[in-house]
$ cat protein.txt   # compact mmCIF, C-alpha atoms and all ligand atoms
# COMPACT_ATOMS: atom_id res chain seq x y z
CA MET A 1 48.79 -49.70 -79.04
CA PRO A 2 52.41 -50.79 -79.59
CA LEU A 3 53.51 -52.27 -82.92
CA VAL A 4 52.24 -55.85 -83.05
CA SER A 5 53.52 -59.17 -84.29
CA MET A 6 52.90 -59.98 -87.93
CA ARG A 7 52.41 -63.64 -87.05
CA GLN A 8 49.32 -62.90 -85.02
CA LEU A 9 47.86 -60.79 -87.85
CA LEU A 10 48.37 -63.68 -90.25
CA ASP A 11 47.03 -66.31 -87.82
CA GLU A 12 43.89 -64.23 -87.39
CA ALA A 13 43.63 -63.79 -91.17
CA ALA A 14 43.86 -67.56 -91.60
CA LYS A 15 41.05 -68.06 -89.08
CA GLY A 16 38.93 -65.44 -90.83
CA GLY A 17 39.81 -66.64 -94.35
CA TYR A 18 41.10 -63.28 -95.54
CA GLY A 19 44.41 -61.77 -96.71
CA VAL A 20 46.37 -58.80 -95.36
CA GLY A 21 48.03 -56.31 -97.69
CA ALA A 22 51.64 -55.49 -96.89
CA PHE A 23 52.25 -52.02 -98.23
CA ASN A 24 55.73 -50.58 -98.79
CA VAL A 25 56.64 -47.15 -97.44
CA ASN A 26 59.50 -44.69 -97.66
CA ASN A 27 58.07 -41.55 -96.07
CA MET A 28 55.45 -39.98 -93.82
CA GLU A 29 52.80 -39.41 -96.47
CA GLN A 30 52.77 -43.10 -97.44
CA ILE A 31 52.39 -44.17 -93.81
CA GLN A 32 49.58 -41.65 -93.35
CA ALA A 33 47.84 -42.89 -96.50
CA ILE A 34 47.89 -46.48 -95.23
CA MET A 35 46.75 -45.56 -91.72
CA GLU A 36 43.87 -43.44 -93.02
CA ALA A 37 42.85 -46.28 -95.33
CA ALA A 38 43.05 -48.70 -92.39
CA ARG A 39 40.90 -46.45 -90.21
CA ALA A 40 38.31 -45.91 -92.94
CA THR A 41 38.06 -49.66 -93.64
CA LYS A 42 38.75 -50.89 -90.08
CA SER A 43 41.67 -53.00 -91.26
CA PRO A 44 44.67 -54.53 -89.50
CA VAL A 45 47.80 -53.58 -91.47
CA ILE A 46 51.33 -54.62 -92.34
CA ILE A 47 53.64 -51.76 -93.25
CA GLN A 48 56.94 -52.77 -94.75
CA ALA A 49 60.26 -51.15 -95.53
CA SER A 50 62.75 -52.44 -98.06
CA ARG A 51 66.49 -52.05 -97.51
CA GLY A 52 66.26 -49.15 -99.94
CA ALA A 53 63.52 -47.56 -97.84
CA ARG A 54 65.60 -47.94 -94.69
CA ALA A 55 68.57 -46.29 -96.39
CA TYR A 56 66.44 -43.51 -97.92
CA SER A 57 64.81 -42.65 -94.60
CA GLN A 58 67.77 -43.24 -92.27
CA ASP A 59 65.54 -45.99 -90.88
CA LYS A 60 65.18 -44.39 -87.49
CA PHE A 61 63.01 -41.67 -89.02
CA LEU A 62 60.78 -44.36 -90.50
CA TYR A 63 60.65 -46.29 -87.24
CA HIS A 64 59.54 -43.25 -85.27
CA LEU A 65 56.91 -42.46 -87.88
CA MET A 66 55.65 -46.00 -87.34
CA LEU A 67 55.48 -45.45 -83.58
CA ALA A 68 53.47 -42.30 -84.29
CA ALA A 69 51.14 -44.33 -86.50
CA ALA A 70 50.57 -46.91 -83.76
CA ASP A 71 49.99 -44.11 -81.28
CA LEU A 72 47.60 -42.05 -83.39
CA TYR A 73 45.52 -45.01 -84.59
CA PRO A 74 45.17 -47.09 -81.40
CA GLU A 75 42.29 -49.13 -82.80
CA ILE A 76 44.43 -50.49 -85.68
CA PRO A 77 46.85 -53.41 -85.18
CA VAL A 78 50.02 -52.47 -87.11
CA ALA A 79 52.98 -54.76 -87.80
CA MET A 80 56.26 -53.31 -89.05
CA HIS A 81 58.08 -55.63 -91.43
CA GLN A 82 61.52 -55.67 -93.08
CA ASP A 83 60.91 -56.47 -96.75
CA HIS A 84 63.56 -58.53 -98.60
CA GLY A 85 66.24 -58.69 -95.93
CA ASN A 86 69.36 -59.85 -97.78
CA SER A 87 71.42 -61.20 -94.86
CA PHE A 88 71.34 -62.22 -91.21
CA GLU A 89 72.82 -58.82 -90.31
CA THR A 90 70.08 -56.87 -92.11
CA CYS A 91 67.38 -58.83 -90.26
CA LYS A 92 69.20 -58.53 -86.95
CA SER A 93 69.52 -54.76 -87.28
CA ALA A 94 65.82 -54.47 -88.15
CA ILE A 95 64.88 -56.50 -85.05
CA GLU A 96 67.20 -54.45 -82.86
CA LEU A 97 65.62 -51.26 -84.19
CA GLY A 98 62.11 -52.49 -83.30
CA PHE A 99 60.65 -54.13 -86.42
CA THR A 100 58.14 -56.78 -85.33
CA SER A 101 58.68 -58.94 -88.41
CA VAL A 102 61.44 -59.61 -90.92
CA MET A 103 61.79 -61.26 -94.29
CA MET A 104 64.97 -63.22 -94.85
CA ASP A 105 65.11 -63.43 -98.63
CA GLY A 106 67.70 -66.16 -98.92
CA SER A 107 66.86 -66.94 -102.54
CA LEU A 108 69.67 -64.58 -103.47
CA LYS A 109 73.08 -64.01 -101.93
CA ALA A 110 73.68 -60.87 -99.84
CA ASP A 111 74.60 -59.01 -103.06
CA GLY A 112 70.91 -59.28 -104.03
CA LYS A 113 71.87 -60.60 -107.49
CA THR A 114 73.41 -64.06 -107.32
CA PRO A 115 71.05 -67.00 -106.70
CA THR A 116 71.91 -69.11 -103.64
CA ASP A 117 71.68 -72.86 -103.49
CA PHE A 118 68.99 -74.49 -101.37
CA GLU A 119 71.33 -75.33 -98.48
CA GLU A 120 72.57 -71.74 -98.18
CA ASN A 121 69.00 -70.45 -98.15
CA VAL A 122 67.99 -72.95 -95.44
CA GLU A 123 71.00 -72.12 -93.31
CA VAL A 124 70.70 -68.32 -93.32
CA THR A 125 66.92 -68.45 -92.86
CA ARG A 126 67.20 -70.92 -89.98
CA ARG A 127 69.65 -68.59 -88.23
CA VAL A 128 67.29 -65.65 -88.64
CA VAL A 129 64.34 -67.70 -87.33
CA GLU A 130 66.32 -68.67 -84.24
CA PHE A 131 67.35 -65.08 -83.51
CA ALA A 132 63.91 -63.62 -84.28
CA HIS A 133 61.72 -66.14 -82.47
CA GLU A 134 63.80 -65.78 -79.31
CA ARG A 135 62.67 -62.14 -79.43
CA GLY A 136 59.03 -62.76 -80.39
CA VAL A 137 59.58 -61.49 -83.94
CA THR A 138 57.96 -63.06 -87.02
CA VAL A 139 59.97 -64.42 -89.97
CA GLU A 140 59.05 -64.70 -93.64
CA GLY A 141 61.33 -66.81 -95.84
CA GLU A 142 61.42 -67.22 -99.60
CA ILE A 143 61.82 -70.26 -101.77
CA GLY A 144 62.08 -70.00 -105.55
CA VAL A 145 63.14 -66.81 -107.29
CA LEU A 146 60.63 -64.19 -108.34
CA GLY A 147 60.67 -63.01 -111.94
CA GLY A 148 61.67 -59.54 -113.03
CA ILE A 149 64.34 -57.79 -110.99
CA GLU A 150 65.19 -60.97 -109.09
CA ASP A 151 65.95 -63.24 -112.04
CA GLY A 152 68.81 -61.14 -113.31
CA HIS A 153 67.08 -60.59 -116.66
CA GLY A 154 65.42 -57.27 -115.86
CA ALA A 155 61.75 -56.66 -115.18
CA GLY A 156 59.08 -58.13 -117.41
CA GLY A 157 60.08 -61.79 -117.51
CA THR A 158 57.46 -64.41 -116.77
CA GLY A 159 59.58 -65.89 -114.00
CA LEU A 160 58.48 -69.35 -115.10
CA GLU A 161 61.92 -70.85 -114.94
CA HIS A 162 62.13 -69.89 -111.24
CA VAL A 163 58.81 -71.05 -109.85
CA THR A 164 58.86 -72.72 -106.44
CA ASP A 165 59.28 -76.47 -106.31
CA PRO A 166 56.65 -77.83 -103.84
CA ASP A 167 58.99 -80.55 -102.47
CA GLN A 168 61.60 -77.89 -101.73
CA ALA A 169 58.97 -75.65 -100.13
CA VAL A 170 57.98 -78.44 -97.74
CA GLU A 171 61.58 -79.27 -96.85
CA PHE A 172 62.40 -75.57 -96.43
CA ALA A 173 59.47 -75.02 -94.06
CA GLU A 174 60.41 -78.13 -92.07
CA ARG A 175 64.05 -77.17 -91.71
CA THR A 176 63.62 -73.46 -90.99
CA GLY A 177 60.35 -73.13 -89.03
CA VAL A 178 59.42 -69.88 -90.80
CA ASP A 179 56.06 -68.31 -89.97
CA ALA A 180 55.39 -67.26 -93.54
CA LEU A 181 56.74 -68.31 -96.89
CA ALA A 182 57.04 -66.28 -100.07
CA ILE A 183 56.69 -68.46 -103.12
CA ALA A 184 57.43 -67.72 -106.75
CA ILE A 185 54.44 -68.47 -108.99
CA GLY A 186 55.23 -66.23 -111.96
CA THR A 187 54.87 -62.72 -110.54
CA SER A 188 57.62 -60.11 -110.57
CA HIS A 189 58.22 -56.75 -108.92
CA GLY A 190 57.53 -53.44 -110.60
CA ALA A 191 55.09 -52.14 -113.22
CA TYR A 192 56.11 -54.40 -116.12
CA LYS A 193 54.91 -57.82 -115.07
CA PHE A 194 52.94 -59.09 -118.06
CA SER A 195 52.50 -57.98 -121.66
CA LYS A 196 48.86 -59.09 -121.62
CA LYS A 197 46.34 -60.13 -118.99
CA PRO A 198 47.99 -63.15 -117.34
CA ASP A 199 46.40 -66.58 -117.62
CA GLY A 200 47.17 -70.00 -116.07
CA LYS A 201 50.25 -70.36 -118.29
CA VAL A 202 52.09 -67.53 -116.60
CA LEU A 203 50.49 -67.38 -113.17
CA LYS A 204 50.88 -70.76 -111.48
CA MET A 205 47.93 -70.81 -109.12
CA ASP A 206 47.83 -74.63 -109.22
CA LEU A 207 51.31 -74.66 -107.71
CA LEU A 208 50.21 -72.33 -104.92
CA ILE A 209 47.25 -74.61 -104.15
CA GLU A 210 49.51 -77.67 -104.00
CA ILE A 211 51.96 -75.94 -101.64
CA HIS A 212 49.15 -74.78 -99.37
CA ASN A 213 47.70 -78.30 -99.19
CA ARG A 214 51.08 -79.66 -98.14
CA LEU A 215 51.91 -76.80 -95.74
CA PRO A 216 48.60 -75.81 -94.20
CA ARG A 217 50.15 -74.02 -91.20
CA THR A 218 52.67 -71.88 -93.07
CA HIS A 219 51.18 -68.60 -94.23
CA LEU A 220 51.85 -68.05 -97.92
CA VAL A 221 53.02 -64.69 -99.24
CA MET A 222 52.53 -63.29 -102.73
CA HIS A 223 55.17 -60.78 -103.79
CA GLY A 224 54.88 -58.64 -106.89
CA SER A 225 51.12 -58.40 -106.36
CA SER A 226 50.32 -54.95 -107.63
CA SER A 227 47.48 -54.98 -110.12
CA VAL A 228 48.91 -52.04 -112.12
CA PRO A 229 45.42 -50.72 -112.94
CA LYS A 230 44.93 -49.09 -116.31
CA ASP A 231 43.28 -46.00 -114.81
CA LEU A 232 46.40 -45.25 -112.74
CA GLN A 233 48.61 -45.78 -115.81
CA ASP A 234 46.33 -43.46 -117.80
CA VAL A 235 46.60 -40.58 -115.32
CA ILE A 236 50.39 -40.73 -115.52
CA ASN A 237 50.40 -40.83 -119.32
CA GLN A 238 47.73 -38.15 -119.63
CA TYR A 239 49.93 -35.74 -117.71
CA GLY A 240 53.19 -36.20 -119.53
CA GLY A 241 54.39 -39.60 -118.26
CA HIS A 242 55.65 -42.40 -120.50
CA LEU A 243 54.48 -45.79 -119.25
CA LYS A 244 54.39 -48.57 -121.81
CA PRO A 245 51.21 -50.71 -121.88
CA THR A 246 51.44 -53.31 -119.13
CA TRP A 247 49.44 -55.72 -116.96
CA GLY A 248 49.74 -56.60 -113.29
CA VAL A 249 48.24 -59.36 -111.17
CA PRO A 250 44.43 -59.34 -111.50
CA VAL A 251 42.69 -58.87 -108.15
CA GLU A 252 40.58 -62.00 -108.80
CA GLU A 253 43.77 -64.11 -108.99
CA ILE A 254 44.90 -62.71 -105.64
CA GLN A 255 41.46 -63.54 -104.23
CA LEU A 256 41.85 -67.11 -105.51
CA GLY A 257 45.22 -67.19 -103.73
CA ILE A 258 43.60 -65.96 -100.51
CA LYS A 259 41.10 -68.84 -100.73
CA ASN A 260 44.15 -71.12 -100.87
CA GLY A 261 46.41 -70.01 -98.05
CA VAL A 262 47.79 -66.64 -99.17
CA ARG A 263 47.70 -64.40 -96.10
CA LYS A 264 50.16 -61.61 -96.98
CA ILE A 265 50.00 -59.72 -100.27
CA ASN A 266 52.84 -57.34 -101.13
CA VAL A 267 51.92 -54.10 -102.86
CA ASP A 268 54.26 -51.24 -103.68
CA THR A 269 53.94 -50.37 -107.37
CA ASP A 270 50.21 -49.50 -107.23
CA SER A 271 50.95 -46.92 -104.51
CA ARG A 272 53.81 -45.49 -106.54
CA LEU A 273 51.61 -45.17 -109.62
CA ALA A 274 48.83 -43.45 -107.66
CA ILE A 275 51.25 -40.97 -106.09
CA THR A 276 53.05 -40.17 -109.33
CA GLY A 277 49.83 -39.64 -111.29
CA ALA A 278 48.45 -37.26 -108.67
CA ILE A 279 51.65 -35.21 -108.55
CA ARG A 280 51.89 -35.05 -112.36
CA LYS A 281 48.30 -33.82 -112.52
CA VAL A 282 48.97 -30.92 -110.13
CA PHE A 283 52.18 -30.02 -111.95
CA ALA A 284 50.42 -30.06 -115.33
CA GLU A 285 47.26 -28.26 -114.26
CA SER A 286 48.78 -25.74 -111.83
CA PRO A 287 52.33 -24.99 -112.96
CA GLU A 288 52.35 -21.88 -110.78
CA LYS A 289 52.26 -23.96 -107.56
CA PHE A 290 55.42 -24.65 -105.58
CA ASP A 291 54.27 -25.52 -102.05
CA PRO A 292 54.98 -29.27 -101.62
CA ARG A 293 51.69 -29.65 -99.75
CA ASP A 294 49.82 -28.69 -102.91
CA TYR A 295 50.91 -31.93 -104.57
CA LEU A 296 51.75 -34.19 -101.60
CA LYS A 297 48.21 -33.93 -100.24
CA PRO A 298 46.56 -35.16 -103.48
CA ALA A 299 49.33 -37.76 -103.75
CA ARG A 300 48.53 -39.04 -100.27
CA GLU A 301 44.81 -39.12 -101.06
CA ALA A 302 45.41 -41.04 -104.28
CA MET A 303 47.48 -43.65 -102.44
CA GLN A 304 44.88 -43.88 -99.69
CA LYS A 305 42.21 -44.64 -102.31
CA VAL A 306 44.07 -47.52 -103.93
CA VAL A 307 45.13 -48.95 -100.55
CA SER A 308 41.52 -48.80 -99.27
CA GLU A 309 40.36 -50.64 -102.38
CA ARG A 310 42.94 -53.39 -101.85
CA MET A 311 42.06 -53.71 -98.14
CA THR A 312 38.45 -54.29 -99.11
CA GLU A 313 39.35 -56.69 -101.93
CA PHE A 314 41.76 -58.72 -99.79
CA GLY A 315 39.07 -59.06 -97.11
CA GLN A 316 41.00 -57.52 -94.19
CA ALA A 317 38.48 -54.65 -94.01
CA GLY A 318 36.32 -54.82 -90.90
CA HIS A 319 38.74 -57.06 -88.95
CA ALA A 320 40.81 -54.49 -87.01
CA GLY A 321 38.83 -54.99 -83.81
CA ASP A 322 38.42 -58.78 -83.90
CA TYR A 323 41.15 -59.57 -81.38
CA SER A 324 43.36 -58.04 -78.76
CA PRO A 325 46.94 -58.03 -79.97
CA LYS A 326 49.44 -60.06 -77.98
CA THR A 327 52.59 -58.38 -76.79
CA ILE A 328 55.89 -59.29 -78.43
CA GLU A 329 56.82 -60.87 -75.07
CA GLU A 330 53.75 -63.14 -75.26
CA MET A 331 54.76 -64.09 -78.79
CA ARG A 332 58.26 -64.92 -77.51
CA GLU A 333 56.72 -67.26 -74.96
CA GLY A 334 54.53 -68.81 -77.66
CA TYR A 335 57.60 -69.65 -79.73
CA ALA A 336 59.50 -70.95 -76.69
CA SER A 337 56.65 -73.25 -75.61
CA GLY A 338 56.10 -74.63 -79.11
CA ALA A 339 52.56 -73.25 -79.29
CA LEU A 340 53.48 -71.26 -82.42
CA GLU A 341 55.30 -74.13 -84.14
CA THR A 342 54.69 -74.38 -87.91
CA ARG A 343 57.05 -77.20 -88.87
CA PRO A 344 54.95 -80.05 -90.32
CA SER A 345 56.62 -82.71 -88.16
CA LEU A 346 56.23 -80.74 -84.90
CA ALA A 347 53.07 -78.67 -85.30
CA GLY A 348 50.05 -80.22 -83.70
CA ALA A 349 52.12 -81.62 -80.84
CA HIS A 350 50.86 -78.69 -78.78
O1 LIG B 1 56.55 -57.54 -103.73
C1 LIG B 1 56.65 -56.35 -103.50
C2 LIG B 1 57.47 -55.86 -102.37
O2 LIG B 1 58.19 -56.89 -101.76
C3 LIG B 1 55.93 -55.30 -104.29
O3 LIG B 1 55.41 -55.79 -105.49
P1 LIG B 1 54.84 -54.80 -106.60
O4 LIG B 1 56.00 -54.22 -107.36
O5 LIG B 1 53.97 -55.65 -107.52
O6 LIG B 1 54.03 -53.76 -105.92
O1 LIG B 2 60.82 -55.38 -103.15
C1 LIG B 2 60.41 -54.48 -103.81
C2 LIG B 2 59.72 -53.31 -103.24
O2 LIG B 2 58.86 -52.79 -104.22
C3 LIG B 2 60.69 -52.26 -102.71
O3 LIG B 2 61.37 -51.68 -103.73
P1 LIG B 2 62.71 -50.80 -103.45
O4 LIG B 2 63.82 -51.77 -103.20
O5 LIG B 2 62.85 -50.00 -104.71
O6 LIG B 2 62.44 -49.94 -102.25
ZN ZN B 3 63.87 -63.22 -103.47
ZN ZN B 4 58.90 -58.48 -102.92

$ encode --input "protein.txt" --output "structure tokens"
Amino acid sequence: MPLVSMRQLLDEAAKGGYGVGAFNVNNMEQIQAIMEAARATKSPVIIQASRGARAYSQDKFLYHLMLAAADLYPEIPVAMHQDHGNSFETCKSAIELGFTSVMMDGSLKADGKTPTDFEENVEVTRRVVEFAHERGVTVEGEIGVLGGIEDGHGAGGTGLEHVTDPDQAVEFAERTGVDALAIAIGTSHGAYKFSKKPDGKVLKMDLLIEIHNRLPRTHLVMHGSSSVPKDLQDVINQYGGHLKPTWGVPVEEIQLGIKNGVRKINVDTDSRLAITGAIRKVFAESPEKFDPRDYLKPAREAMQKVVSERMTEFGQAGHAGDYSPKTIEEMREGYASGALETRPSLAGAH
């Protein structure tokens, strides 16, 4: 089947009360790992590419790999999403290439470093929504600034001083009409999220619940949601790596989020850890090997394993065949008619 709209995947997830993992990719093996995991668990999937991934892969390579994925796994609905678009132009170029969903991360300026003010974020996101919805493409916005790499203090911060303000989230959703909203509740990107298992002081689940209650139609997105499992850290360290002790987001906290409106869960670091551990193991145990397939195959299998686990834990497993995906043209009509409206003041009028 062709690449499908992310909005429909999230609407179906909301109906079914489950979450959908959005896994980052840079190359063929990562896409294959996700697709094999999706087939084994019968899961709909979101595959996402950062700006860095687009640059690394000369994005057209990545796009054609995604078309191959959709072709080779016809029973799996696959959405292709731009992760952390930094400007209108980045989102526009993704849409023109064929992405079926984009994130406009307007919490930072186009330089990816300087925080924007609320009005700037609303304005750029609103422009992206207008352009995208006219083409049937889904939009994720962001309000609040994630900890770690996004707060300008380096990874490992709690992010507390940047958590999303619920009043701003409501106003942002109303003024932009985004399909999905990333909120900052204390998570950060990368492996170094927390120095001990996070509790309610660092992970603001109460805030997430409040935002969901006030914005029931806007799908919530959790970034920085790798769990950074100890066993994956251990493999890396056992075979010559140097990871410092660290904690990620416990799966049970993500599951609590899913019970309260989280529909998209972003995972990159766990895949990276799985891949790196598997490659290190081959290098350490079989130093005579030099065929890339000797280590890329175990790397792919290790990523597939962690992705399958997350698909089961997020609840998307078993749901690939629940619905027949709409075409992007049908989604375009849905936006034009108002049937897909999320803005609190307008939704429900249809
Ligand atoms: O949020 C992410 C991508 O946007 C990835 O988060 P992790 O670094 O926790 O995997
Ligand atoms: O947003 C963060 C993702 O993990 C992508 O990271 P990247 O920018 O290094 O590709
Ligand atoms: Zn951001
Ligand atoms: Zn992110």

$ closest_residue --input "protein.txt" --among "A:Glu253, A:Glu89, A:Glu288, A:Asp105" --to "ligand LIG 1 (chain B)" --atoms "all atoms listed in the file"
A:Asp105

$ residues_around --input "protein.txt" --residues "A:Asn24" --least-positions-apart "4" --cutoff "6 Å" --atoms "only C-alpha atoms" --output "number ranges by chain"
A: 48-49, 268

$ closest_atom_pairs --input "protein.txt" --of "chain A" --to "ligand ZN 3 (chain B)" --cutoff "12 Å" --atoms "all atoms listed in the file" --output "JSON lines"
{"residue": "A:Asp83", "atom": "CA", "partner": "B:ZN3", "partner_atom": "ZN", "distance": 10.0}
{"residue": "A:His84", "atom": "CA", "partner": "B:ZN3", "partner_atom": "ZN", "distance": 6.8}
{"residue": "A:Gly85", "atom": "CA", "partner": "B:ZN3", "partner_atom": "ZN", "distance": 9.1}
{"residue": "A:Asn86", "atom": "CA", "partner": "B:ZN3", "partner_atom": "ZN", "distance": 8.6}
{"residue": "A:Ser87", "atom": "CA", "partner": "B:ZN3", "partner_atom": "ZN", "distance": 11.6}
{"residue": "A:Met103", "atom": "CA", "partner": "B:ZN3", "partner_atom": "ZN", "distance": 9.6}
{"residue": "A:Met104", "atom": "CA", "partner": "B:ZN3", "partner_atom": "ZN", "distance": 8.7}
{"residue": "A:Asp105", "atom": "CA", "partner": "B:ZN3", "partner_atom": "ZN", "distance": 5.0}
{"residue": "A:Gly106", "atom": "CA", "partner": "B:ZN3", "partner_atom": "ZN", "distance": 6.6}
{"residue": "A:Ser107", "atom": "CA", "partner": "B:ZN3", "partner_atom": "ZN", "distance": 4.9}
{"residue": "A:Leu108", "atom": "CA", "partner": "B:ZN3", "partner_atom": "ZN", "distance": 6.0}
{"residue": "A:Lys109", "atom": "CA", "partner": "B:ZN3", "partner_atom": "ZN", "distance": 9.4}
{"residue": "A:Ala110", "atom": "CA", "partner": "B:ZN3", "partner_atom": "ZN", "distance": 10.7}
{"residue": "A:Asp111", "atom": "CA", "partner": "B:ZN3", "partner_atom": "ZN", "distance": 11.5}
{"residue": "A:Gly112", "atom": "CA", "partner": "B:ZN3", "partner_atom": "ZN", "distance": 8.1}
{"residue": "A:Lys113", "atom": "CA", "partner": "B:ZN3", "partner_atom": "ZN", "distance": 9.3}
{"residue": "A:Thr114", "atom": "CA", "partner": "B:ZN3", "partner_atom": "ZN", "distance": 10.3}
{"residue": "A:Pro115", "atom": "CA", "partner": "B:ZN3", "partner_atom": "ZN", "distance": 8.7}
{"residue": "A:Thr116", "atom": "CA", "partner": "B:ZN3", "partner_atom": "ZN", "distance": 10.0}
{"residue": "A:Asn121", "atom": "CA", "partner": "B:ZN3", "partner_atom": "ZN", "distance": 10.3}
{"residue": "A:Glu140", "atom": "CA", "partner": "B:ZN3", "partner_atom": "ZN", "distance": 11.0}
{"residue": "A:Gly141", "atom": "CA", "partner": "B:ZN3", "partner_atom": "ZN", "distance": 8.8}
{"residue": "A:Glu142", "atom": "CA", "partner": "B:ZN3", "partner_atom": "ZN", "distance": 6.1}
{"residue": "A:Ile143", "atom": "CA", "partner": "B:ZN3", "partner_atom": "ZN", "distance": 7.5}
{"residue": "A:Gly144", "atom": "CA", "partner": "B:ZN3", "partner_atom": "ZN", "distance": 7.3}
{"residue": "A:Val145", "atom": "CA", "partner": "B:ZN3", "partner_atom": "ZN", "distance": 5.3}
{"residue": "A:Leu146", "atom": "CA", "partner": "B:ZN3", "partner_atom": "ZN", "distance": 5.9}
{"residue": "A:Gly147", "atom": "CA", "partner": "B:ZN3", "partner_atom": "ZN", "distance": 9.1}
{"residue": "A:Gly148", "atom": "CA", "partner": "B:ZN3", "partner_atom": "ZN", "distance": 10.5}
{"residue": "A:Ile149", "atom": "CA", "partner": "B:ZN3", "partner_atom": "ZN", "distance": 9.3}
{"residue": "A:Glu150", "atom": "CA", "partner": "B:ZN3", "partner_atom": "ZN", "distance": 6.2}
{"residue": "A:Asp151", "atom": "CA", "partner": "B:ZN3", "partner_atom": "ZN", "distance": 8.8}
{"residue": "A:Gly152", "atom": "CA", "partner": "B:ZN3", "partner_atom": "ZN", "distance": 11.2}
{"residue": "A:Gly159", "atom": "CA", "partner": "B:ZN3", "partner_atom": "ZN", "distance": 11.7}
{"residue": "A:His162", "atom": "CA", "partner": "B:ZN3", "partner_atom": "ZN", "distance": 10.4}
{"residue": "A:Val163", "atom": "CA", "partner": "B:ZN3", "partner_atom": "ZN", "distance": 11.3}
{"residue": "A:Thr164", "atom": "CA", "partner": "B:ZN3", "partner_atom": "ZN", "distance": 11.1}
{"residue": "A:Leu181", "atom": "CA", "partner": "B:ZN3", "partner_atom": "ZN", "distance": 11.0}
{"residue": "A:Ala182", "atom": "CA", "partner": "B:ZN3", "partner_atom": "ZN", "distance": 8.2}
{"residue": "A:Ile183", "atom": "CA", "partner": "B:ZN3", "partner_atom": "ZN", "distance": 8.9}
{"residue": "A:Ala184", "atom": "CA", "partner": "B:ZN3", "partner_atom": "ZN", "distance": 8.5}
{"residue": "A:Thr187", "atom": "CA", "partner": "B:ZN3", "partner_atom": "ZN", "distance": 11.5}
{"residue": "A:Ser188", "atom": "CA", "partner": "B:ZN3", "partner_atom": "ZN", "distance": 10.0}
{"residue": "A:His189", "atom": "CA", "partner": "B:ZN3", "partner_atom": "ZN", "distance": 10.2}
{"residue": "A:Val221", "atom": "CA", "partner": "B:ZN3", "partner_atom": "ZN", "distance": 11.7}
{"residue": "A:Met222", "atom": "CA", "partner": "B:ZN3", "partner_atom": "ZN", "distance": 11.4}
{"residue": "A:His223", "atom": "CA", "partner": "B:ZN3", "partner_atom": "ZN", "distance": 9.0}
{"residue": "A:Gly224", "atom": "CA", "partner": "B:ZN3", "partner_atom": "ZN", "distance": 10.7}

$ closest_residue --input "protein.txt" --among "A:Asp206, A:Arg51, A:Phe194, A:Gly136" --to "ligand ZN 4 (chain B)" --atoms "only C-alpha atoms and all ligand atoms"
A:Arg51

$ closest_residue --input "protein.txt" --among "A:Ala14, A:Ala37, A:Ala191, A:Ile95" --to "ligand LIG 1 (chain B)" --atoms "all atoms listed in the file"
A:Ala191

$ decode --input "protein.txt" --residues "stretch 25-46 of chain A" --atoms "C-alpha atoms" --output "PDB file, in the first residue's frame"
ATOM      1  CA  VAL A  25      15.895   5.892  10.918  1.00  0.00           C
ATOM      2  CA  ASN A  26      18.974   6.830   8.927  1.00  0.00           C
ATOM      3  CA  ASN A  27      19.561   3.777   6.743  1.00  0.00           C
ATOM      4  CA  MET A  28      18.168   0.620   5.172  1.00  0.00           C
ATOM      5  CA  GLU A  29      18.917  -1.735   8.054  1.00  0.00           C
ATOM      6  CA  GLN A  30      16.949   0.411  10.515  1.00  0.00           C
ATOM      7  CA  ILE A  31      13.939   0.523   8.184  1.00  0.00           C
ATOM      8  CA  GLN A  32      14.142  -3.241   7.708  1.00  0.00           C
ATOM      9  CA  ALA A  33      14.361  -3.787  11.471  1.00  0.00           C
ATOM     10  CA  ILE A  34      11.189  -1.748  12.039  1.00  0.00           C
ATOM     11  CA  MET A  35       9.283  -3.393   9.190  1.00  0.00           C
ATOM     12  CA  GLU A  36      10.201  -6.902  10.346  1.00  0.00           C
ATOM     13  CA  ALA A  37       9.146  -5.981  13.888  1.00  0.00           C
ATOM     14  CA  ALA A  38       5.882  -4.580  12.513  1.00  0.00           C
ATOM     15  CA  ARG A  39       5.204  -7.740  10.517  1.00  0.00           C
ATOM     16  CA  ALA A  40       6.001 -10.027  13.444  1.00  0.00           C
ATOM     17  CA  THR A  41       3.736  -8.045  15.799  1.00  0.00           C
ATOM     18  CA  LYS A  42       1.134  -6.955  13.205  1.00  0.00           C
ATOM     19  CA  SER A  43       1.679  -3.294  14.042  1.00  0.00           C
ATOM     20  CA  PRO A  44       0.935  -0.055  12.198  1.00  0.00           C
ATOM     21  CA  VAL A  45       4.120   2.060  12.218  1.00  0.00           C
ATOM     22  CA  ILE A  46       5.481   5.586  12.091  1.00  0.00           C
TER      23      ILE A  46
END
